[in-house]
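S.K.: I have a structure here, written as structure tokens, and I will follow up with some questions on it.
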Amino acid sequence: MQLSKNFSLKELTASQTADRHGISNNPSEDHMDNLKKLCDNVLQKVREHYGKVVSVSSGYRSPELCVKIGSSMRSQHAKGQAADFEIFGIANADLAKYIIDNLDFDQLILEFHKPEEPNSGWIHCSYKNKEENRKQVLRAYRNDDGKTVYEPYDPSWAVERLNDEKKLEQDKIIDQYMQKGIWREDGYIINRF
């Protein structure tokens, strides 16, 4: 069954864990309606914008599957309202920014992304309906104790952080040049000798 032009019910219910343990991961009619809304309003629009395959790693999760993987039975995955996904070759922070700036959604979480590794992590995005969508944006990471932490996320913070890191790196290079008798003037590196 197709949920949208490029997304099938099979794709949004696939689970290796369910297959391995003989767990049924079949959604109800209400859950399928929610999956269709998610596909129409988020996944399909992402696919059309980038013109690339959107790789869904997790969509609908039945209550039994939620228990097996340690997920909450109240999660939006269990309601058919959420999917975890990425697009190979597109930095997940860029994908998150596109969704935040252009699409209606309930919750977006940039999960376990490291700015120095653009393809790390994945996107979790949910959709309820136009009236109830919160447009909540978070990032998830593991703290020093290995616990998952969720905090508000703004894509501009990541860009600013990367720019600051690049500036520090550039300053170190300039310092090295200066120590070797090479000088930076008007943005150009020149040899003073």
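The chains in the structure tokens are called A, B, ... from first to last as shown; in each chain the residues are counted from 1, and the ligands are counted from 1 in the order shown.
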Which residues are close to Arg20 of chain A, i.e. within 12 Å by only C-alpha atoms, leaving aside same-chain residues fewer than 6 positions away? Reply as an NGL selection string.
M.R.: :A and (14 or 65 or 68)
S.K.: Those residues with N, CA and C atoms, as a PDB file, in the first residue's frame please?
M.R.:
ATOM      1  N   ALA A  14       8.675  -1.329   8.526  1.00  0.00           N
ATOM      2  CA  ALA A  14       9.782  -2.293   8.532  1.00  0.00           C
ATOM      3  C   ALA A  14      10.544  -2.226   9.854  1.00  0.00           C
ATOM      4  N   LEU A  65       6.541  -3.945  20.011  1.00  0.00           N
ATOM      5  CA  LEU A  65       7.862  -3.555  19.512  1.00  0.00           C
ATOM      6  C   LEU A  65       8.460  -2.451  20.386  1.00  0.00           C
ATOM      7  N   LYS A  68       9.912  -4.061  23.378  1.00  0.00           N
ATOM      8  CA  LYS A  68      11.119  -4.836  23.048  1.00  0.00           C
ATOM      9  C   LYS A  68      12.354  -3.949  22.874  1.00  0.00           C
TER      10      LYS A  68
END
S.K.: Excluding same-chain residues fewer than 5 positions from segment 131-145 of chain A, what lies within 9 Å of it counting only C-alpha atoms, as an NGL selection string?
M.R.: :A and (100 or 104-114 or 126 or 150-154)
S.K.: Write out as a PyMOL selection string which residues come within 6 Å of segment 69-80 of chain A when counting only C-alpha atoms, dropping same-chain ones fewer than 2 positions away.
M.R.: chain A and resi 31+34-35+59-63+66-67+82
S.K.: Measuring atom to atom with only C-alpha atoms, identify which of A:Asn92, A:Ser4, A:Asn26, A:Ser120 is nearest to Val42 of chain A.
M.R.: A:Ser4
S.K.: Taking the DSSP secondary structure from the backbone, can you list the residues of chain A that are helix (DSSP H, G or I), as a PyMOL selection string?
M.R.: chain A and resi 9-13+16-21+29-50+63-69+92-102+155-179
S.K.: Please, which residues of segment 49-143 of chain A, numbered as in this document, come out strand (DSSP E or B) from DSSP, as a list of chain:residue names?
M.R.: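 The strand (DSSP E or B) residues within segment 49-143 of chain A come out as A:Ser55, A:Val56, A:Ser57, A:Ser58, A:Ala82, A:Ala83, A:Asp84, A:Phe85, A:Glu86, A:Gln107, A:Leu108, A:Ile109, A:Leu110, A:Glu111, A:Lys114, A:Glu117, A:Trp122, A:Ile123, A:His124, A:Cys125, A:Ser126, A:Gln136, A:Val137, A:Leu138, A:Arg139, A:Ala140, A:Tyr141, A:Arg142.
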S.K.: Quick one: residues within 6 Å of segment 43-58 of chain A, only C-alpha atoms counted, chain neighbours fewer than 3 positions away excluded, as a VMD selection string?
M.R.: chain A and resid 39 to 40 83 to 87
S.K.: Take the residues that were just selected and, keeping C-alpha atoms, output them as a short mmCIF file (atom, residue, chain, number, x, y, z; two decimals), in the first residue's frame.
M.R.:
data_model
loop_
_atom_site.label_atom_id
_atom_site.label_comp_id
_atom_site.auth_asym_id
_atom_site.auth_seq_id
_atom_site.Cartn_x
_atom_site.Cartn_y
_atom_site.Cartn_z
CA CYS A 39 4.38 11.15 4.49
CA ASP A 40 2.31 13.82 2.71
CA ALA A 83 9.76 8.65 11.54
CA ASP A 84 13.53 8.58 11.90
CA PHE A 85 15.34 9.20 8.62
CA GLU A 86 18.26 10.66 6.73
CA ILE A 87 19.38 11.31 3.17
#
S.K.: Record the distance separating atom CA of Pro115 of chain A and atom CA of Leu12 of chain A, expressed in Å with one decimal.
M.R.: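 If I compute the distance from atom CA of Pro115 of chain A to atom CA of Leu12 of chain A, I get 27.8 Å.
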